[in-house]
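Okay, so here's the structure we're looking at.
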Amino acid sequence: MSGPTTSQPPTTVALVTLGCARNEVDSEELAGRLAADGFALVSDPEDADAVVVNTCGFVEAAKKDSVDTLLAASDLKESGRTQSVVAVGCLAERYGKDLAEALPEADAILGFDDYPDISARLRRIMAGETHAAHTPQDRRHLLPIAPAERGGAAVDVVVPGHTVAAPDLPVGVAPASGPRPVRRRLDTGPMAPLKLASGCDRRCTFCAIPSFRGSFVSRRPSDVLGEARWLAEQGVRELFLVSENSTSYGKDLGDLRLLETMLPKLAGIDGVERVRVSYLQPAETRPDLVRAIATTPGVASYFDLSFQHASPTVLRRMKRFGDPDSFLGLLESIRTLDPTAGVRCNVIVGFPGETEDDVEVLTDFLERARLDVVGVFGYSDEDGTEAAGFDGKIDEAEVAERVRHVTGLVEELTAQRAEDRVGDEVAVLVERVDGDEVEGRVEQQGPEVDGTTTVGGLDALTAPVGVGDLVRARVTGSSGVDLLATALPETAG
């Protein structure tokens with residue numbers, strides 16, 4: 001009689017995600033592939049046989065954070081069960097073999113082209129094989145120049161976050177029917193990013209993203225809708241549509257109005273309470289899209305507009321378009337449709353050639369714009385960008401002083417804007433429950449960076465409140481960009 005059989009426990013892997021919401025989608029694609037191939041996903045790197053760090057390569061601070069995270073994970077090989085640490089994501093794609101040489105503590109540097117075979121790659125790395133890191137290339141050259149020739153499908157080109165699963169993918173990783181994304185949720189919260197497109201065709205002189213993310217490629221509407229339905233089945237209540245440029249969605253599919261027509265369909269999915277669009281280019285934000293976002297039921301009246309500056313002179317050097325009058329006109333058209341709309345933007349100060357007059361144009365615009373949130377960034381040279389070779393560079397200390405000055409103004413202005421919302425009736429998507437208070441976001445607040453709303457007065461409600469519920473409330477106060485509210489007794493959940 002034979003003895004009992006023993007089975008080898010599955011190899012555990014932790015995915016650590018840095019950077020933007022687009023990276024979160026990419027990590028969940030990698031998680032889906034790894035889970036489908038027998039890896040066990042764990043949340044704590046200390047419990048993992050392998051740690052995969054999805055890096056950010058956007059600006060210097062993000063690069064440093066990525067390197068520090070990789071070094072911290074590598075330390076676990078000395079003190080814990082971790083056998084291998086692997087870098088993926090934008091920093092890995094952007095620098096490839098140069099990063100591998102500079103960071104021998106990481107066992108491998110994997111580029112986007114490695115994603116479809118991530119499981120096999122990881123198993124070989126854990127077995128001690130050396131992985132030859134790629135030589136970086138400009139990924140814009142991998143697809144046709146004309147958007148219409150791309151057809152929405154990158155044949156023989158890996159575009160992270162765009163993959164649809166093979167029919168035999170396990171049910172636990174994707175929907176039971178229809179197009180099934182290669183995705184496994186790593187976050188149980190009620191909001192999830194949903195990728196509309198990848199890459200960018202713009203040539204902003206300060207930005208390196210198109211060189212390593214590639215040209216703009218839209219996902220087909222059927223794939224976006226199919227993944228949205230799956231996310232709703234996983235308990236997602238808010239869909240956060242992400243891309244490098246959402247206003248370009250559909251241009252390579254022959255219909256630049258696809259986003260306007262798709263928004264009502266996304267909002268109509270059973271279980272979805274809110275759809276939010278991110279990253280709109282002001283010069284490309286057409287009236288029909290403004291109307292769709294501001295007036296479609298279930299779509300957050302929220303405009304993430306990448307102004308970057310307001311001085312026409314600086315914008316031209318950035319290879320961007322606009323001026324204070326056109327930007328203020330866009331804001332007026334938004335608020336004519338919905339006076340309560342939320343608007344956020346990012347601005348760069350200290351760009352080469354920026355004068356004190358240019359800074360004054362920017363601050364005057366910010367005072368008139370009444371924005372809800374403004375991210376202020378100081379310019380720094382980025383490898384491979386046109387602006388890195390510009391004259392008129394501004395001393396780092398002066399850049400820091402301009403950041404301090406504009407940030408101080410922005411903090412005052414956005415706090416005033418939050419105060420203006422006192423008395424408004426809002427719907428709060430609950431993300432955390434803490435005794436007799438809940439914390440969440442109203443439709444004018446995007447995830448993570450736009451502030452939160454704390455709701456009290458829950459004892460007036462007839463049913464308990466849980467994460468993922470929508471609570472009607474009235475704004476009673478503010479603290480910076482954060483709102484304070486009291487639940488309205490007639491509604492809950």
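So you can find residues: chains in the structure tokens are A, B, ... in the order shown, residues in each start at 1, and ligands are numbered from 1 in order.
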
Which residues are close to range 12-29 of chain A, i.e. within 6 Å by only C-alpha atoms, leaving aside same-chain residues fewer than 4 positions away? Reply as a ChimeraX atom specification. /A:39-43,45,48-56,160-161,182-185

Go through range 352-455 of chain A and flag each residue having an atom no more than 12 Å from range 290-300 of chain A; for those, report the closest pair of atoms plus their distance in Å to one decimal, using only C-alpha atoms, ordered by chain and rising number, as CSV.
```
residue,atom,partner,partner_atom,distance
A:Val426,CA,A:Ala300,CA,11.6
A:Ala427,CA,A:Ala300,CA,10.6
A:Val428,CA,A:Ala300,CA,11.7
A:Leu429,CA,A:Ala300,CA,11.6
A:Arg441,CA,A:Ala300,CA,11.1
A:Val442,CA,A:Ala300,CA,8.8
A:Glu443,CA,A:Ala300,CA,5.1
A:Gln444,CA,A:Ala300,CA,7.0
A:Gln445,CA,A:Ala300,CA,9.1
A:Gly446,CA,A:Ala300,CA,9.4
```

Can you pull out every residue within 7 Å of Val403 in chain A, counting only C-alpha atoms, but drop anything in the same chain fewer than 3 positions away, and send it as a PyMOL selection string? chain A and resi 349+376-378+399-400+406-407

Test item: residues at most 6 Å from Val467 in chain A, only C-alpha atoms, excluding those fewer than 3 positions along its chain, as a list of chain:residue names: A:Val430, A:Glu431, A:Arg432

Range 162-262 of chain A: which residues are strand (DSSP E) by DSSP, as a list of chain:residue names? A:Met191, A:Ala192, A:Pro193, A:Leu194, A:Lys195, A:Ala197, A:Ser198, A:Val217, A:Ser218, A:Glu238, A:Leu239, A:Phe240, A:Leu241, A:Val242

Keeping only N, CA, C and O atoms, write the selected residues to a file as a PDB file, in the first residue's frame.
```pdb
ATOM      1  N   MET A 191     -13.455  51.223  -5.911  1.00  0.00           N
ATOM      2  CA  MET A 191     -13.040  51.901  -7.130  1.00  0.00           C
ATOM      3  C   MET A 191     -11.986  51.073  -7.840  1.00  0.00           C
ATOM      4  O   MET A 191     -11.139  50.458  -7.188  1.00  0.00           O
ATOM      5  N   ALA A 192     -12.045  51.036  -9.173  1.00  0.00           N
ATOM      6  CA  ALA A 192     -11.014  50.344  -9.934  1.00  0.00           C
ATOM      7  C   ALA A 192     -10.701  51.127 -11.202  1.00  0.00           C
ATOM      8  O   ALA A 192     -11.610  51.610 -11.882  1.00  0.00           O
ATOM      9  N   PRO A 193      -9.413  51.262 -11.534  1.00  0.00           N
ATOM     10  CA  PRO A 193      -9.063  51.880 -12.811  1.00  0.00           C
ATOM     11  C   PRO A 193      -9.383  50.937 -13.964  1.00  0.00           C
ATOM     12  O   PRO A 193      -9.264  49.715 -13.836  1.00  0.00           O
ATOM     13  N   LEU A 194      -9.790  51.514 -15.070  1.00  0.00           N
ATOM     14  CA  LEU A 194     -10.131  50.758 -16.286  1.00  0.00           C
ATOM     15  C   LEU A 194      -9.446  51.451 -17.449  1.00  0.00           C
ATOM     16  O   LEU A 194      -9.689  52.634 -17.702  1.00  0.00           O
ATOM     17  N   LYS A 195      -8.581  50.740 -18.140  1.00  0.00           N
ATOM     18  CA  LYS A 195      -7.767  51.367 -19.177  1.00  0.00           C
ATOM     19  C   LYS A 195      -8.561  51.556 -20.462  1.00  0.00           C
ATOM     20  O   LYS A 195      -9.108  50.612 -21.021  1.00  0.00           O
ATOM     21  N   ALA A 197      -6.998  53.387 -23.137  1.00  0.00           N
ATOM     22  CA  ALA A 197      -6.004  53.433 -24.205  1.00  0.00           C
ATOM     23  C   ALA A 197      -4.626  53.471 -23.573  1.00  0.00           C
ATOM     24  O   ALA A 197      -4.480  53.643 -22.360  1.00  0.00           O
ATOM     25  N   SER A 198      -3.618  53.325 -24.418  1.00  0.00           N
ATOM     26  CA  SER A 198      -2.234  53.446 -23.963  1.00  0.00           C
ATOM     27  C   SER A 198      -1.458  54.288 -24.955  1.00  0.00           C
ATOM     28  O   SER A 198      -1.787  54.355 -26.141  1.00  0.00           O
ATOM     29  N   VAL A 217      -2.880  54.046 -28.681  1.00  0.00           N
ATOM     30  CA  VAL A 217      -3.668  52.904 -29.141  1.00  0.00           C
ATOM     31  C   VAL A 217      -4.916  52.787 -28.271  1.00  0.00           C
ATOM     32  O   VAL A 217      -4.827  52.612 -27.050  1.00  0.00           O
ATOM     33  N   SER A 218      -6.087  52.899 -28.884  1.00  0.00           N
ATOM     34  CA  SER A 218      -7.348  52.734 -28.166  1.00  0.00           C
ATOM     35  C   SER A 218      -7.667  51.259 -27.972  1.00  0.00           C
ATOM     36  O   SER A 218      -7.365  50.426 -28.844  1.00  0.00           O
ATOM     37  N   GLU A 238     -17.202  52.245  -8.699  1.00  0.00           N
ATOM     38  CA  GLU A 238     -16.731  53.382  -9.495  1.00  0.00           C
ATOM     39  C   GLU A 238     -15.670  52.919 -10.479  1.00  0.00           C
ATOM     40  O   GLU A 238     -14.651  52.338 -10.098  1.00  0.00           O
ATOM     41  N   LEU A 239     -15.900  53.194 -11.762  1.00  0.00           N
ATOM     42  CA  LEU A 239     -14.944  52.901 -12.818  1.00  0.00           C
ATOM     43  C   LEU A 239     -14.144  54.169 -13.102  1.00  0.00           C
ATOM     44  O   LEU A 239     -14.712  55.219 -13.423  1.00  0.00           O
ATOM     45  N   PHE A 240     -12.830  54.074 -13.007  1.00  0.00           N
ATOM     46  CA  PHE A 240     -11.942  55.212 -13.208  1.00  0.00           C
ATOM     47  C   PHE A 240     -11.230  55.010 -14.546  1.00  0.00           C
ATOM     48  O   PHE A 240     -10.306  54.199 -14.652  1.00  0.00           O
ATOM     49  N   LEU A 241     -11.704  55.686 -15.583  1.00  0.00           N
ATOM     50  CA  LEU A 241     -11.183  55.496 -16.934  1.00  0.00           C
ATOM     51  C   LEU A 241      -9.832  56.194 -17.059  1.00  0.00           C
ATOM     52  O   LEU A 241      -9.733  57.411 -16.877  1.00  0.00           O
ATOM     53  N   VAL A 242      -8.799  55.425 -17.407  1.00  0.00           N
ATOM     54  CA  VAL A 242      -7.441  55.967 -17.427  1.00  0.00           C
ATOM     55  C   VAL A 242      -6.792  55.757 -18.786  1.00  0.00           C
ATOM     56  O   VAL A 242      -7.110  54.817 -19.518  1.00  0.00           O
TER      57      VAL A 242
END
```

Rounded to one decimal in Å, what is the spacing between CA of Leu488 in chain A and CA of Arg472 in chain A?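 Spanning CA of Leu488 in chain A to CA of Arg472 in chain A is a straight-line distance of 5.7 Å.
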
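Excluding Lys265 in chain A itself and any same-chain residue fewer than 4 positions from it, the protein and nucleic acid residues within 8 Å of it, counting only C-alpha atoms, are Leu225, Thr261 and Ile269 of chain A.
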
CA of Ser119 in chain A to CA of Ala31 in chain A, distance in Å rounded to a single decimal: 9.7 Å

Separation of CA of Asp156 in chain A and CA of Ala120 in chain A, in Å? 18.9 Å

Looking at only C-alpha atoms, which of A:Asp304, A:Asp201, A:Asp381, A:Glu273 is the one that sits closest to Glu60 in chain A? A:Asp381

If we count only C-alpha atoms, what is near Asp117 in chain A at a cut-off of 10 Å, once residues fewer than 6 positions away on the same chain are taken out, given as a short mmCIF file (atom, residue, chain, number, x, y, z; two decimals) with N, CA, C and O atoms, in the first residue's frame?
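Saved to result39.cif:
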```cif
data_model
loop_
_atom_site.label_atom_id
_atom_site.label_comp_id
_atom_site.auth_asym_id
_atom_site.auth_seq_id
_atom_site.Cartn_x
_atom_site.Cartn_y
_atom_site.Cartn_z
N LEU A 30 -0.61 41.40 -14.93
CA LEU A 30 0.45 40.47 -14.56
C LEU A 30 -0.04 39.49 -13.50
O LEU A 30 0.26 38.30 -13.55
N ARG A 33 -2.13 36.79 -15.14
CA ARG A 33 -1.30 35.80 -15.84
C ARG A 33 -0.62 34.85 -14.85
O ARG A 33 -0.58 33.63 -15.06
N LEU A 34 -0.07 35.42 -13.78
CA LEU A 34 0.63 34.59 -12.80
C LEU A 34 -0.33 33.64 -12.08
O LEU A 34 -0.02 32.46 -11.89
#
```

Assign secondary structure with DSSP using the backbone only, and return the residues of range 87-263 of chain A in alpha helix (DSSP H) as a PyMOL selection string. chain A and resi 90-102+118-126+209-213+221-233+258-263

Contact residues around Gly342 in chain A with only C-alpha atoms at 12 Å, ignoring same-chain residues under 2 positions, as JSON, numbers by chain: {"A": [276, 277, 278, 293, 294, 300, 301, 302, 303, 304, 305, 331, 334, 335, 338, 339, 340, 344, 345, 369, 370, 371, 372, 373, 374, 414, 417, 418, 420, 421, 441, 442, 443, 444, 445, 446, 450, 451, 481]}

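Of the residues listed (A:Ser380, A:Thr135, A:Gln281, A:Ser84), A:Ser84 shows the shortest atom-to-atom separation from Arg121 in chain A; distances use only C-alpha atoms.
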
Smallest atom-to-atom distance to Val449 in chain A: which of A:Asn346, A:Ala232, A:Lys97, A:Gly80, using only C-alpha atoms? A:Asn346

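With only C-alpha atoms as the atoms that count, the residue of A:Ser211, A:Thr188, A:Gln83, A:Thr454 with the shortest distance to Thr486 in chain A is A:Thr454.
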
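Proximity ranking of A:Arg317, A:Arg274, A:Arg203, A:His131 relative to Thr385 in chain A places A:Arg203 first, based on only C-alpha atoms.
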